[in-house]
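Trainee: Below you'll find the structure I mean.
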Amino acid sequence: MTDKAELIIGDQKLELPIISGSENERAIDIAQLRGKTGAVTIDPAFMNTASTKSAITFLDGEKGILRYRGIPIEQLAEKSKFVEVAFLLIYGNLPNKEQLDSFSTLLTRHSLIHEDMKRFFDGFPSTAHPMAVLSSMVCSLSTYYPEEHNFADKQSMDVTYARLISKVRTIAAYAYKKEIGQPFVYPQNHLRYCANYLNMMFSVPAEPYEVDPDIEAAMNLLFILHADHEQNCSTSTVRLVGSAKTNLYASVAAGILALWGPLHGGANQEVIEMLQLIQKDGGNVKKYVDLAKDKTSNFRLMGFGHRVYKNFDPRAKIIKTTADKILKKLGINDPLLDIAKELEEAALKDPYFVERKLYPNVDFYSGIIYRALGFPTDMFTVLFAIGRLPGWIAHWKEMNEDPTTKIGRPRQIYTGEVAREYVPLDQRK
Ligand code: CMC
């Protein structure tokens with residue numbers, strides 16, 4: 001197979017190199033294009049554009065494959081824990097016992113937030129969306145640890161990564177406690193990562209709280225499934241912001257805001273709201289499938305469709321089975337799960353969805369589990385953010401370690417007015 005592409009522009013012919021990834025994906029390298037021809041490419045929404053090389057996550061949308069650092073998501077979901085997966089993503093390999101111990105110790109040591117930061121929560125209305133609070137708080141961390149923005153100091157960066165992964169739980173739980181008017185619960189160092197978070201979320205000083213091991217296991221699984229997904233909207237945001245040499249906290253704060261959007265991580269909240277709407281409306285699933293097909297309606301089946309997966313989303317497959325298991329174990333009968341299954345069945349039979357290869361994505365069933373675990377709807381995207389954090393960090397680190405990284409700066413095709421004179425106010429029509 002040729003390793004060059006030929007481009008003809010007018011009477012000019014340009015040879016462009018083709019580069020391959022380790023899974024044989026091919027890309028035409030157009031780095032010299034503008035310099036040699038004056039032309040740029042245009043690719044709205046980056047449908048065909050690789051923004052970077054990356055060694056972190058591989059996914060094949062046609063085959064429904066997702067691997068972190070080469071390890072299939074199915075194996076990680078079955079055998080691993082979130083903290084181990086976080087290490088894998090950030091440092092490239094599964095940790096040995098010693099590495100895992102020292103990483104876990106860092107996570108344990110850095111769980112408290114500065115006492116002054118607790119007062120920040122008072123400044124938000126109790127109706128504030130916790131994603132806005134999370135992003136603001138994560139950005140605020142940069143004001144408390146300004147000395148740790150030195151990328152050349154590996155040891156302090158290791159602390160920064162752990163600090164962020166640890167504190168994000170505390171911030172998320174405090175945002176929830178503030179919203180419902182309960183006292184903040186401090187992290188407990190004897191608890192593991194997910195148990196500690198659950199304790200901060202759901203315990204109250206007035207009575208004892210035991211973390212249910214099934215709930216802890218479900219939390220681990222869901223965080224693992226969300227931990228990375230290569231160059232999605234929020235990760236690309238973290239990379240773009242970070243390419244300006246912006247510190248990690250601020251880059252991640254921007255990523256959180258990108259994730260909040262309903263077409264991205266915010267879809268998990270939207271799915272439950274959609275299912276509740278269908279339930280209120282008498283459970284008429286067909287009506288909503290028809291509405292989603294109607295281009296004048298602006299309604300989409302939330303939790304359906306994916307830019308990359310065109311066969312099935314392997315994460316959705318695992319989550320659907322887990323939803324069944326968890327609800328059964330907890331003895332919960334959630335009518336929304338039945339509506340979700342009916343909706344999926346109806347959509348998968350419908351030519352509109354079949355032709356467009358629209359399948360349930362990671363967000364379709366995750367909210368059903370979060371509900372069963374006791375999380376309010378507006379916290380769902382926050383849970384996605386906690387899970388995605390190791391991925392954001394891994395990408396930010398990979399980009400900063402690459403000496404060829406330049407500031408991200410797309411071109412445009414200008415379609416506005418051509419040059420014209422300034423008209424004084426009294427002469428304007
Ligand atoms: N319901 C109805 N029609 C849809 C849907 C949907 N959920 N998703 C895509 N379509 C249609 C779309 O109207 C278009 O039709 P046509 O070819 O007739 O114009 C076609 O399918 C292709 O859609 P697209 O919007 O061009 O595809 P995209 O790759 O730009 O968008 C998506 C991907 C995920 C934003 C989109 O499928 C969507 O809006 N889904 C609902 C929101 C959602 O669940 N988001 C979570 C994504 S997965 C997790 C994450 O990234 O956070």
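Ordering of the structure tokens sets the chain letters (A, B, ...); residue numbers start at 1 within each chain; ligands are numbered from 1 in the order shown.
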Leaving out range 191-193 of chain A and any residue of its chain fewer than 4 positions from it, which residues lie within 12 Å of it when counting only C-alpha atoms, given as a PyMOL selection string?
Mentor: chain A and resi 81-84+86+101+103-111+162+165-170+186-187+197-200+210-211+213+216-217+219-220+223+386-387
Trainee: Using only C-alpha atoms and all ligand atoms, which residues of the polymer chains come no farther than 6 Å from ligand 1? I'd like the answer as a list in words.
Mentor: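 Result of the 6 Å neighbour search around ligand 1: Leu263, His264, Gly265, Ala267, Ala292, Lys293, Arg300, Leu301, Met302, Gly303, Phe304, Gly305, His306, Arg307, Arg356, Asn361, Val362 and Asp363 of chain A.
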Trainee: Emit the selected residues as a tab-separated table (two decimals), in the first residue's frame, including all heavy atoms.
Mentor:
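Saved file selection08.tsv follows:
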chain	number	residue	atom	x	y	z
A	263	LEU	N	-25.21	17.30	24.66
A	263	LEU	CA	-24.82	16.36	23.60
A	263	LEU	C	-23.64	15.51	24.04
A	263	LEU	O	-23.28	14.54	23.37
A	263	LEU	CB	-24.45	17.11	22.31
A	263	LEU	CG	-25.59	17.88	21.65
A	263	LEU	CD1	-25.16	18.42	20.30
A	263	LEU	CD2	-26.84	17.01	21.49
A	264	HIS	N	-23.02	15.89	25.15
A	264	HIS	CA	-21.84	15.16	25.66
A	264	HIS	C	-22.24	14.52	26.99
A	264	HIS	O	-23.24	13.81	27.07
A	264	HIS	CB	-20.69	16.18	25.75
A	264	HIS	CG	-19.32	15.62	25.98
A	264	HIS	ND1	-19.01	14.28	25.91
A	264	HIS	CD2	-18.14	16.25	26.29
A	264	HIS	CE1	-17.72	14.10	26.15
A	264	HIS	NE2	-17.17	15.29	26.39
A	265	GLY	N	-21.50	14.78	28.06
A	265	GLY	CA	-21.79	14.11	29.34
A	265	GLY	C	-23.13	14.47	29.94
A	265	GLY	O	-23.73	13.67	30.68
A	267	ALA	N	-25.78	14.39	28.71
A	267	ALA	CA	-26.85	13.52	28.19
A	267	ALA	C	-27.36	12.55	29.26
A	267	ALA	O	-28.52	12.14	29.22
A	267	ALA	CB	-26.34	12.73	26.97
A	292	ALA	N	-38.55	11.86	17.70
A	292	ALA	CA	-37.09	11.93	17.46
A	292	ALA	C	-36.78	11.88	15.97
A	292	ALA	O	-35.77	12.41	15.52
A	292	ALA	CB	-36.39	10.78	18.19
A	293	LYS	N	-37.66	11.25	15.20
A	293	LYS	CA	-37.45	11.14	13.74
A	293	LYS	C	-37.89	12.40	13.01
A	293	LYS	O	-37.49	12.65	11.88
A	293	LYS	CB	-38.22	9.93	13.19
A	293	LYS	CG	-37.64	8.63	13.71
A	293	LYS	CD	-38.40	7.36	13.41
A	293	LYS	CE	-39.63	7.36	12.64
A	293	LYS	NZ	-40.29	6.05	12.56
A	300	ARG	N	-34.44	14.82	20.25
A	300	ARG	CA	-33.58	13.68	19.95
A	300	ARG	C	-33.74	12.64	21.04
A	300	ARG	O	-34.03	12.99	22.17
A	300	ARG	CB	-32.11	14.10	19.92
A	300	ARG	CG	-31.75	14.84	18.68
A	300	ARG	CD	-30.26	14.99	18.49
A	300	ARG	NE	-30.02	15.33	17.09
A	300	ARG	CZ	-28.86	15.26	16.49
A	300	ARG	NH1	-27.79	14.87	17.13
A	300	ARG	NH2	-28.74	15.57	15.22
A	301	LEU	N	-33.55	11.39	20.69
A	301	LEU	CA	-33.53	10.38	21.74
A	301	LEU	C	-32.22	10.52	22.48
A	301	LEU	O	-31.16	10.20	21.94
A	301	LEU	CB	-33.58	8.97	21.14
A	301	LEU	CG	-34.92	8.37	20.82
A	301	LEU	CD1	-34.78	6.87	20.64
A	301	LEU	CD2	-35.97	8.68	21.87
A	302	MET	N	-32.28	11.05	23.69
A	302	MET	CA	-31.04	11.27	24.44
A	302	MET	C	-30.48	9.91	24.86
A	302	MET	O	-31.23	8.98	25.17
A	302	MET	CB	-31.29	12.17	25.65
A	302	MET	CG	-31.79	13.55	25.26
A	302	MET	SD	-30.85	14.34	23.92
A	302	MET	CE	-29.40	14.89	24.80
A	303	GLY	N	-29.13	9.81	24.82
A	303	GLY	CA	-28.51	8.52	25.13
A	303	GLY	C	-28.44	7.61	23.92
A	303	GLY	O	-28.06	6.44	24.04
A	304	PHE	N	-28.79	8.17	22.76
A	304	PHE	CA	-28.72	7.41	21.52
A	304	PHE	C	-27.77	8.09	20.54
A	304	PHE	O	-27.78	9.31	20.43
A	304	PHE	CB	-30.10	7.31	20.86
A	304	PHE	CG	-30.71	5.97	21.03
A	304	PHE	CD1	-31.29	5.59	22.23
A	304	PHE	CD2	-30.70	5.04	19.98
A	304	PHE	CE1	-31.83	4.34	22.40
A	304	PHE	CE2	-31.24	3.79	20.14
A	304	PHE	CZ	-31.81	3.43	21.35
A	305	GLY	N	-26.98	7.29	19.83
A	305	GLY	CA	-26.11	7.85	18.79
A	305	GLY	C	-24.73	8.14	19.34
A	305	GLY	O	-24.54	8.38	20.54
A	306	HIS	N	-23.76	8.09	18.46
A	306	HIS	CA	-22.39	8.40	18.86
A	306	HIS	C	-21.59	8.77	17.62
A	306	HIS	O	-21.78	8.18	16.57
A	306	HIS	CB	-21.74	7.20	19.56
A	306	HIS	CG	-20.52	7.58	20.32
A	306	HIS	ND1	-19.28	7.66	19.75
A	306	HIS	CD2	-20.36	7.95	21.62
A	306	HIS	CE1	-18.41	8.05	20.66
A	306	HIS	NE2	-19.03	8.24	21.80
A	307	ARG	N	-20.70	9.74	17.76
A	307	ARG	CA	-19.88	10.15	16.63
A	307	ARG	C	-19.00	8.99	16.13
A	307	ARG	O	-18.82	8.82	14.94
A	307	ARG	CB	-19.00	11.33	17.06
A	307	ARG	CG	-17.91	11.74	16.06
A	307	ARG	CD	-18.48	12.24	14.74
A	307	ARG	NE	-19.36	13.36	14.86
A	307	ARG	CZ	-18.98	14.64	15.00
A	307	ARG	NH1	-17.71	14.94	15.03
A	307	ARG	NH2	-19.87	15.60	15.09
A	356	ARG	N	-29.17	5.02	10.24
A	356	ARG	CA	-28.20	5.99	10.74
A	356	ARG	C	-27.25	5.39	11.78
A	356	ARG	O	-26.43	6.09	12.37
A	356	ARG	CB	-28.93	7.20	11.35
A	356	ARG	CG	-29.56	8.07	10.29
A	356	ARG	CD	-30.50	9.09	10.91
A	356	ARG	NE	-31.13	9.92	9.90
A	356	ARG	CZ	-32.13	9.52	9.12
A	356	ARG	NH1	-32.61	8.29	9.22
A	356	ARG	NH2	-32.64	10.35	8.23
A	361	ASN	N	-25.91	4.76	23.81
A	361	ASN	CA	-24.53	5.04	24.19
A	361	ASN	C	-24.37	4.92	25.71
A	361	ASN	O	-25.31	4.53	26.42
A	361	ASN	CB	-24.10	6.42	23.65
A	361	ASN	CG	-24.99	7.53	24.18
A	361	ASN	OD1	-25.28	7.60	25.36
A	361	ASN	ND2	-25.44	8.41	23.28
A	362	VAL	N	-23.19	5.28	26.19
A	362	VAL	CA	-22.84	5.09	27.61
A	362	VAL	C	-23.86	5.76	28.55
A	362	VAL	O	-24.06	5.33	29.68
A	362	VAL	CB	-21.40	5.62	27.87
A	362	VAL	CG1	-21.32	7.13	27.73
A	362	VAL	CG2	-20.83	5.18	29.19
A	363	ASP	N	-24.49	6.83	28.05
A	363	ASP	CA	-25.37	7.60	28.92
A	363	ASP	C	-26.79	7.03	29.02
A	363	ASP	O	-27.58	7.50	29.83
A	363	ASP	CB	-25.46	9.06	28.42
A	363	ASP	CG	-24.13	9.77	28.51
A	363	ASP	OD1	-23.45	9.60	29.54
A	363	ASP	OD2	-23.76	10.48	27.56
Trainee: List as a list in words the protein and nucleic acid residues near Met137 in chain A, meaning an atom at most 9 Å away when only C-alpha atoms are counted, but skip any in the same chain fewer than 3 places from it.
Mentor: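 Listed by chain and then number, they are Met117, Phe120, Phe121, Ala132, Val133, Leu134, Ser140, Leu141, Val168, Ile171 and Ala253 of chain A.
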Trainee: List the spatial neighbours of range 224-238 of chain A as a count of residues only - criterion: any atom at most 6 Å away, only C-alpha atoms, same-chain residues fewer than 3 positions off excluded.
Mentor: 14
Trainee: Can you work out which one of A:Leu348, A:Leu240, A:Ala55, A:Ile272 has the shortest atom-to-atom distance to Val289 in chain A, counting only C-alpha atoms?
Mentor: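 Among the listed residues, the smallest separation from Val289 in chain A belongs to A:Leu348.
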Trainee: May I ask for the distance between CA of Met131 in chain A and CA of Pro335 in chain A, given in Å to one decimal place?
Mentor: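 Those two atoms sit 27.2 Å apart.
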Trainee: When you count only C-alpha atoms, which of these residues is closest to Ser54 in chain A: A:Val40, A:Leu337, A:Leu89, A:Ile318?
Mentor: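 The shortest atom-to-atom distance to Ser54 in chain A comes from A:Leu89.
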Trainee: Could you jot down the CA of Gly367 in chain A to CA of Ile393 in chain A separation for me, Å, one decimal place?
Mentor: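 Spanning CA of Gly367 in chain A to CA of Ile393 in chain A is a straight-line distance of 24.7 Å.
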Trainee: Using DSSP secondary structure from the backbone, list all alpha helix (DSSP H) positions within range 205-317 of chain A, as a count of residues only.
Mentor: 64
